[in-house]
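Asks: First, the structure itself, so that you have it in front of you.
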Amino acid sequence: MSDAEAIAANRAAWDHSAQHHRGNAEWQRLVAGFADPGFSCFDATATQVLQAVDVAGKSCVQIGCNNGRECLSLKALGAGRVLGIDQSRAFLDQARDLAALSGREVAFLCADIHDLPDGVGQFDRALITIGVLNWMPDLSKFFNAVAGLIAPGGALVIYETHPFLEMFDPDAADPFTPAISYFPSGPDVAAESITYDGSVPEDEAPVSYWFAHRLGQVISAVAGAGLRIERLEEYPHCNREVAYEQYENRPAQLPLCYVLTAHKTA
């Protein structure tokens, strides 16, 4: 399968899965939250990092924005112009609904990051959060596209799940014994709806492709795109689905997530 075919398959899988993300408890929390002008869904780590890179008054772009909750949360931190990019039209429909409820002015673009339309422009700050990188078959191509969205002197923030966590199956009989190689031979192929809350809808979903990238591959791809890495911090808290929270607060603690910040030379 080509990279383009994998990306198209993942788009179909996300469009199909969007129905399971509207109306559930998390959706109701967002609907209620964004009625408050100061509401943000960022956790303490993301908030601190975004404040440290100074998003206030800056133009910001989020790559892989899903239902737009984090784009809207950037506005709560004082961001200026905000654009969310995602290739799932169904999730962007949800993003626009949340934006209307919030009254916050955020733009959304339905596009493949590797094939953006002309005129998107460049931004002071770019944001990538949980799960985005693993849907990308080629990190070098992806970060080259991301770098093109960042203005000279601008910054990139990545807040992602730690690749080491990909070795563990939270639903296994022994979830604390590594079950998957850190050096996979290919993507994980699944044919089920993509959910965050541990539910497994009984419907027929399109096939999707999940690519487990090593931390070294991420760092090399960011640097290879011409961005200067300034910080890499690893954390013991979970920022992934609820099933992974069992890996927190262990005597021998695993790294569960990380923050990487980089700048584009002025």
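The chains in the structure tokens are called A, B, ... from first to last as shown; in each chain the residues are counted from 1, and the ligands are counted from 1 in the order shown.
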Would you mind listing what lies within 8 Å of range 211-226 of chain A as a ChimeraX atom specification, with only C-alpha atoms counted and same-chain residues fewer than 4 positions away left out?
Replies: /A:133-137,139-140,143-144,147,162-164,166,182-184,186-188,262,264
Asks: Interatomic distance between CA of Ile158 in chain A and CA of Leu260 in chain A?
Replies: 5.1 Å
Asks: Quick one: residues within 12 Å of Arg231 in chain A, only C-alpha atoms counted, chain neighbours fewer than 2 positions away excluded, as number ranges by chain?
Replies: A: 49, 52-53, 155-159, 219, 227-229, 233-234, 258-263
Asks: As a PyMOL selection string, which residues of range 63-259 of chain A does DSSP assign to strand (DSSP E or B)?
Replies: chain A and resi 63+79+82-86+107-110+123-129+150-161+188-190+208-210+227-235+257-259
Asks: Since we have the selection now, will you write its residues out, keeping C-alpha atoms, as a PDB file, in the first residue's frame?
Replies:
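Okay, this is what ended up in out-v3.pdb:
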```pdb
ATOM      1  CA  ILE A  63      -2.263  20.188  12.407  1.00  0.00           C
ATOM      2  CA  ALA A  79      -4.027  33.436  20.619  1.00  0.00           C
ATOM      3  CA  VAL A  82      -6.153  30.400  14.661  1.00  0.00           C
ATOM      4  CA  LEU A  83      -6.473  27.807  11.893  1.00  0.00           C
ATOM      5  CA  GLY A  84      -7.212  24.120  12.451  1.00  0.00           C
ATOM      6  CA  ILE A  85      -6.314  21.657   9.696  1.00  0.00           C
ATOM      7  CA  ASP A  86      -7.743  18.152   9.485  1.00  0.00           C
ATOM      8  CA  ALA A 107     -11.042  28.953  10.971  1.00  0.00           C
ATOM      9  CA  PHE A 108     -10.954  25.318   9.873  1.00  0.00           C
ATOM     10  CA  LEU A 109      -9.534  23.790   6.703  1.00  0.00           C
ATOM     11  CA  CYS A 110     -10.339  20.306   5.430  1.00  0.00           C
ATOM     12  CA  PHE A 123       1.935  31.108  11.311  1.00  0.00           C
ATOM     13  CA  ASP A 124       3.845  32.200  14.396  1.00  0.00           C
ATOM     14  CA  ARG A 125       3.057  28.997  16.287  1.00  0.00           C
ATOM     15  CA  ALA A 126       2.223  25.445  15.163  1.00  0.00           C
ATOM     16  CA  LEU A 127       0.719  22.776  17.424  1.00  0.00           C
ATOM     17  CA  ILE A 128       0.613  18.980  17.141  1.00  0.00           C
ATOM     18  CA  THR A 129      -1.006  16.900  19.890  1.00  0.00           C
ATOM     19  CA  ILE A 150       5.708  28.093  10.221  1.00  0.00           C
ATOM     20  CA  ALA A 151       6.865  31.663   9.691  1.00  0.00           C
ATOM     21  CA  PRO A 152      10.575  32.486  10.132  1.00  0.00           C
ATOM     22  CA  GLY A 153      11.180  32.868  13.857  1.00  0.00           C
ATOM     23  CA  GLY A 154       8.063  30.816  14.605  1.00  0.00           C
ATOM     24  CA  ALA A 155       7.779  27.851  16.954  1.00  0.00           C
ATOM     25  CA  LEU A 156       6.491  24.277  16.820  1.00  0.00           C
ATOM     26  CA  VAL A 157       5.043  22.532  19.897  1.00  0.00           C
ATOM     27  CA  ILE A 158       4.478  18.766  19.925  1.00  0.00           C
ATOM     28  CA  TYR A 159       2.638  17.206  22.885  1.00  0.00           C
ATOM     29  CA  GLU A 160       2.396  13.512  22.104  1.00  0.00           C
ATOM     30  CA  THR A 161       2.172  10.040  23.565  1.00  0.00           C
ATOM     31  CA  ASP A 188      -0.886  -1.778  12.843  1.00  0.00           C
ATOM     32  CA  VAL A 189      -3.962  -2.518  10.713  1.00  0.00           C
ATOM     33  CA  ALA A 190      -7.409  -2.263  12.311  1.00  0.00           C
ATOM     34  CA  SER A 208      -7.131   2.179   9.261  1.00  0.00           C
ATOM     35  CA  TYR A 209      -3.321   2.197   9.506  1.00  0.00           C
ATOM     36  CA  TRP A 210      -1.418   3.182  12.658  1.00  0.00           C
ATOM     37  CA  LEU A 227      13.651  23.256  12.587  1.00  0.00           C
ATOM     38  CA  ARG A 228      15.948  23.844  15.564  1.00  0.00           C
ATOM     39  CA  ILE A 229      14.978  21.618  18.482  1.00  0.00           C
ATOM     40  CA  GLU A 230      15.095  23.504  21.771  1.00  0.00           C
ATOM     41  CA  ARG A 231      13.423  21.215  24.282  1.00  0.00           C
ATOM     42  CA  LEU A 232      12.489  17.573  24.733  1.00  0.00           C
ATOM     43  CA  GLU A 233      10.818  16.763  28.039  1.00  0.00           C
ATOM     44  CA  GLU A 234       9.362  13.364  28.980  1.00  0.00           C
ATOM     45  CA  TYR A 235       6.532  12.934  31.503  1.00  0.00           C
ATOM     46  CA  CYS A 257       4.161  11.330  27.008  1.00  0.00           C
ATOM     47  CA  TYR A 258       6.566  14.041  25.908  1.00  0.00           C
ATOM     48  CA  VAL A 259       6.802  17.657  24.800  1.00  0.00           C
TER      49      VAL A 259
END
```
Asks: Within 9 Å of Ser73 in chain A, counting only C-alpha atoms, which residues show up once you throw out same-chain ones fewer than 6 positions away? Write them as a compact mmCIF listing (two decimals) with all heavy atoms, in the first residue's frame, please.
Replies:
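Here's the written file part.txt:
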```
# COMPACT_ATOMS: atom_id res chain seq x y z
N PHE A 34 -17.50 25.06 26.63
CA PHE A 34 -17.25 26.18 25.72
C PHE A 34 -18.32 27.26 25.80
O PHE A 34 -18.21 28.30 25.14
CB PHE A 34 -17.08 25.68 24.29
CG PHE A 34 -15.72 25.09 24.04
CD1 PHE A 34 -15.58 23.76 23.67
CD2 PHE A 34 -14.58 25.85 24.21
CE1 PHE A 34 -14.32 23.20 23.45
CE2 PHE A 34 -13.32 25.31 24.01
CZ PHE A 34 -13.19 23.98 23.63
N GLY A 38 -13.81 31.48 29.23
CA GLY A 38 -12.45 31.14 29.64
C GLY A 38 -12.14 29.66 29.61
O GLY A 38 -11.03 29.26 30.00
N PHE A 39 -13.07 28.83 29.12
CA PHE A 39 -12.88 27.38 29.16
C PHE A 39 -11.76 26.94 28.22
O PHE A 39 -11.65 27.41 27.09
CB PHE A 39 -14.16 26.67 28.77
CG PHE A 39 -14.03 25.17 28.68
CD1 PHE A 39 -13.99 24.39 29.83
CD2 PHE A 39 -13.92 24.55 27.45
CE1 PHE A 39 -13.87 23.01 29.75
CE2 PHE A 39 -13.80 23.17 27.35
CZ PHE A 39 -13.77 22.39 28.50
N SER A 40 -10.93 26.01 28.70
CA SER A 40 -9.87 25.40 27.89
C SER A 40 -9.82 23.92 28.22
O SER A 40 -9.96 23.52 29.38
CB SER A 40 -8.52 26.05 28.20
OG SER A 40 -7.46 25.28 27.61
N CYS A 41 -9.61 23.09 27.21
CA CYS A 41 -9.49 21.66 27.44
C CYS A 41 -8.03 21.23 27.59
O CYS A 41 -7.75 20.05 27.77
CB CYS A 41 -10.15 20.87 26.31
SG CYS A 41 -9.32 21.01 24.72
N PHE A 42 -7.08 22.17 27.54
CA PHE A 42 -5.68 21.82 27.72
C PHE A 42 -5.41 21.42 29.16
O PHE A 42 -5.92 22.07 30.10
CB PHE A 42 -4.77 23.01 27.36
CG PHE A 42 -4.68 23.31 25.90
CD1 PHE A 42 -4.91 24.59 25.42
CD2 PHE A 42 -4.37 22.31 24.99
CE1 PHE A 42 -4.82 24.87 24.07
CE2 PHE A 42 -4.28 22.57 23.62
CZ PHE A 42 -4.51 23.86 23.17
N ALA A 79 -4.57 33.50 21.98
CA ALA A 79 -4.03 33.44 20.62
C ALA A 79 -4.77 34.39 19.69
O ALA A 79 -5.95 34.69 19.89
CB ALA A 79 -4.12 32.01 20.09
```
Asks: Within range 17-222 of chain A, find each residue whose DSSP state, derived from the backbone, is alpha helix (DSSP H), and express the selection as a ChimeraX atom specification.
Replies: /A:17,25-33,44-52,69-76,89-102,139-149,215-222
Asks: What are the closest atom pairs, with distances in Å to one decimal, for each residue of range 197-252 of chain A lying within 12 Å of range 171-177 of chain A, using only C-alpha atoms, rows by chain and rising residue number, as CSV?
Replies:
```
residue,atom,partner,partner_atom,distance
A:Gly198,CA,A:Asp171,CA,10.0
A:Glu241,CA,A:Asp171,CA,11.9
A:Val242,CA,A:Asp171,CA,11.3
A:Ala243,CA,A:Asp171,CA,7.6
A:Tyr244,CA,A:Asp171,CA,9.2
A:Glu245,CA,A:Pro175,CA,11.5
A:Gln246,CA,A:Pro175,CA,8.9
A:Tyr247,CA,A:Phe176,CA,7.9
A:Glu248,CA,A:Phe176,CA,11.4
A:Arg250,CA,A:Phe176,CA,10.3
A:Ala252,CA,A:Phe176,CA,10.6
```
Asks: What gap, in Å, lies between CA of Val132 in chain A and CA of Lys75 in chain A?
Replies: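 Atom-to-atom, CA of Val132 in chain A and CA of Lys75 in chain A are spaced 20.8 Å apart.
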Asks: Counting only C-alpha atoms, what is within 9 Å of Leu98 in chain A, bar same-chain residues fewer than 2 positions away, as a PyMOL selection string?
Replies: chain A and resi 30-31+34+67-69+72+93-96+100-103
Asks: Give me a file of those residues, with N, CA and C atoms, as a tab-separated table (two decimals), in the first residue's frame.
Replies:
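Saved as result_8.tsv:
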```tsv
chain	number	residue	atom	x	y	z
A	30	LEU	N	-17.64	19.17	26.53
A	30	LEU	CA	-17.15	20.24	25.68
A	30	LEU	C	-18.24	21.28	25.40
A	31	VAL	N	-19.45	20.80	25.13
A	31	VAL	CA	-20.56	21.71	24.86
A	31	VAL	C	-20.81	22.62	26.06
A	34	PHE	N	-17.50	25.06	26.63
A	34	PHE	CA	-17.25	26.18	25.72
A	34	PHE	C	-18.32	27.26	25.80
A	67	ASN	N	-11.90	17.68	16.41
A	67	ASN	CA	-13.15	18.43	16.54
A	67	ASN	C	-12.94	19.88	16.97
A	68	GLY	N	-11.71	20.35	16.88
A	68	GLY	CA	-11.42	21.76	17.09
A	68	GLY	C	-11.33	22.22	18.53
A	69	ARG	N	-11.45	21.30	19.48
A	69	ARG	CA	-11.48	21.71	20.89
A	69	ARG	C	-10.19	22.41	21.32
A	72	LEU	N	-9.96	26.00	19.78
A	72	LEU	CA	-10.78	26.91	20.57
A	72	LEU	C	-10.11	27.21	21.91
A	93	ASP	N	-17.00	19.28	10.90
A	93	ASP	CA	-18.38	19.70	11.13
A	93	ASP	C	-18.63	19.88	12.63
A	94	GLN	N	-18.09	18.96	13.43
A	94	GLN	CA	-18.22	19.09	14.88
A	94	GLN	C	-17.44	20.31	15.39
A	95	ALA	N	-16.26	20.53	14.80
A	95	ALA	CA	-15.45	21.68	15.21
A	95	ALA	C	-16.20	22.99	14.99
A	96	ARG	N	-16.87	23.10	13.86
A	96	ARG	CA	-17.60	24.33	13.57
A	96	ARG	C	-18.80	24.49	14.50
A	100	ALA	N	-19.25	27.66	17.02
A	100	ALA	CA	-20.47	28.48	17.06
A	100	ALA	C	-20.99	28.60	18.49
A	101	LEU	N	-20.92	27.50	19.25
A	101	LEU	CA	-21.36	27.53	20.64
A	101	LEU	C	-20.48	28.43	21.49
A	102	SER	N	-19.18	28.43	21.18
A	102	SER	CA	-18.22	29.18	22.00
A	102	SER	C	-18.20	30.67	21.68
A	103	GLY	N	-18.57	31.02	20.44
A	103	GLY	CA	-18.46	32.41	20.01
A	103	GLY	C	-17.04	32.83	19.71
```
Asks: Go ahead and compute the interatomic distance for CA of Pro255 in chain A and CA of Cys238 in chain A, in Å to one decimal.
Replies: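 Computing the Euclidean distance for CA of Pro255 in chain A and CA of Cys238 in chain A yields 8.9 Å.
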Asks: Please provide the set of residues having any atom within 8 Å of Trp14 in chain A, restricted to only C-alpha atoms, with same-chain residues fewer than 5 positions apart removed, written as a ChimeraX atom specification.
Replies: /A:88,90-91,193-194
Asks: Of the candidates A:Ala266, A:Ala13, A:Ala32, A:Leu77, which shows the shortest atom-to-atom distance to Lys58 in chain A, using only C-alpha atoms?
Replies: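 Closest candidate: A:Leu77.
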Asks: For a quick check of understanding, using only C-alpha atoms, which of A:Leu74, A:Ile130, A:Val61, A:Val207 has the smallest distance to Gly148 in chain A?
Replies: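 Ranked by minimum distance to Gly148 in chain A, first place goes to A:Val61.
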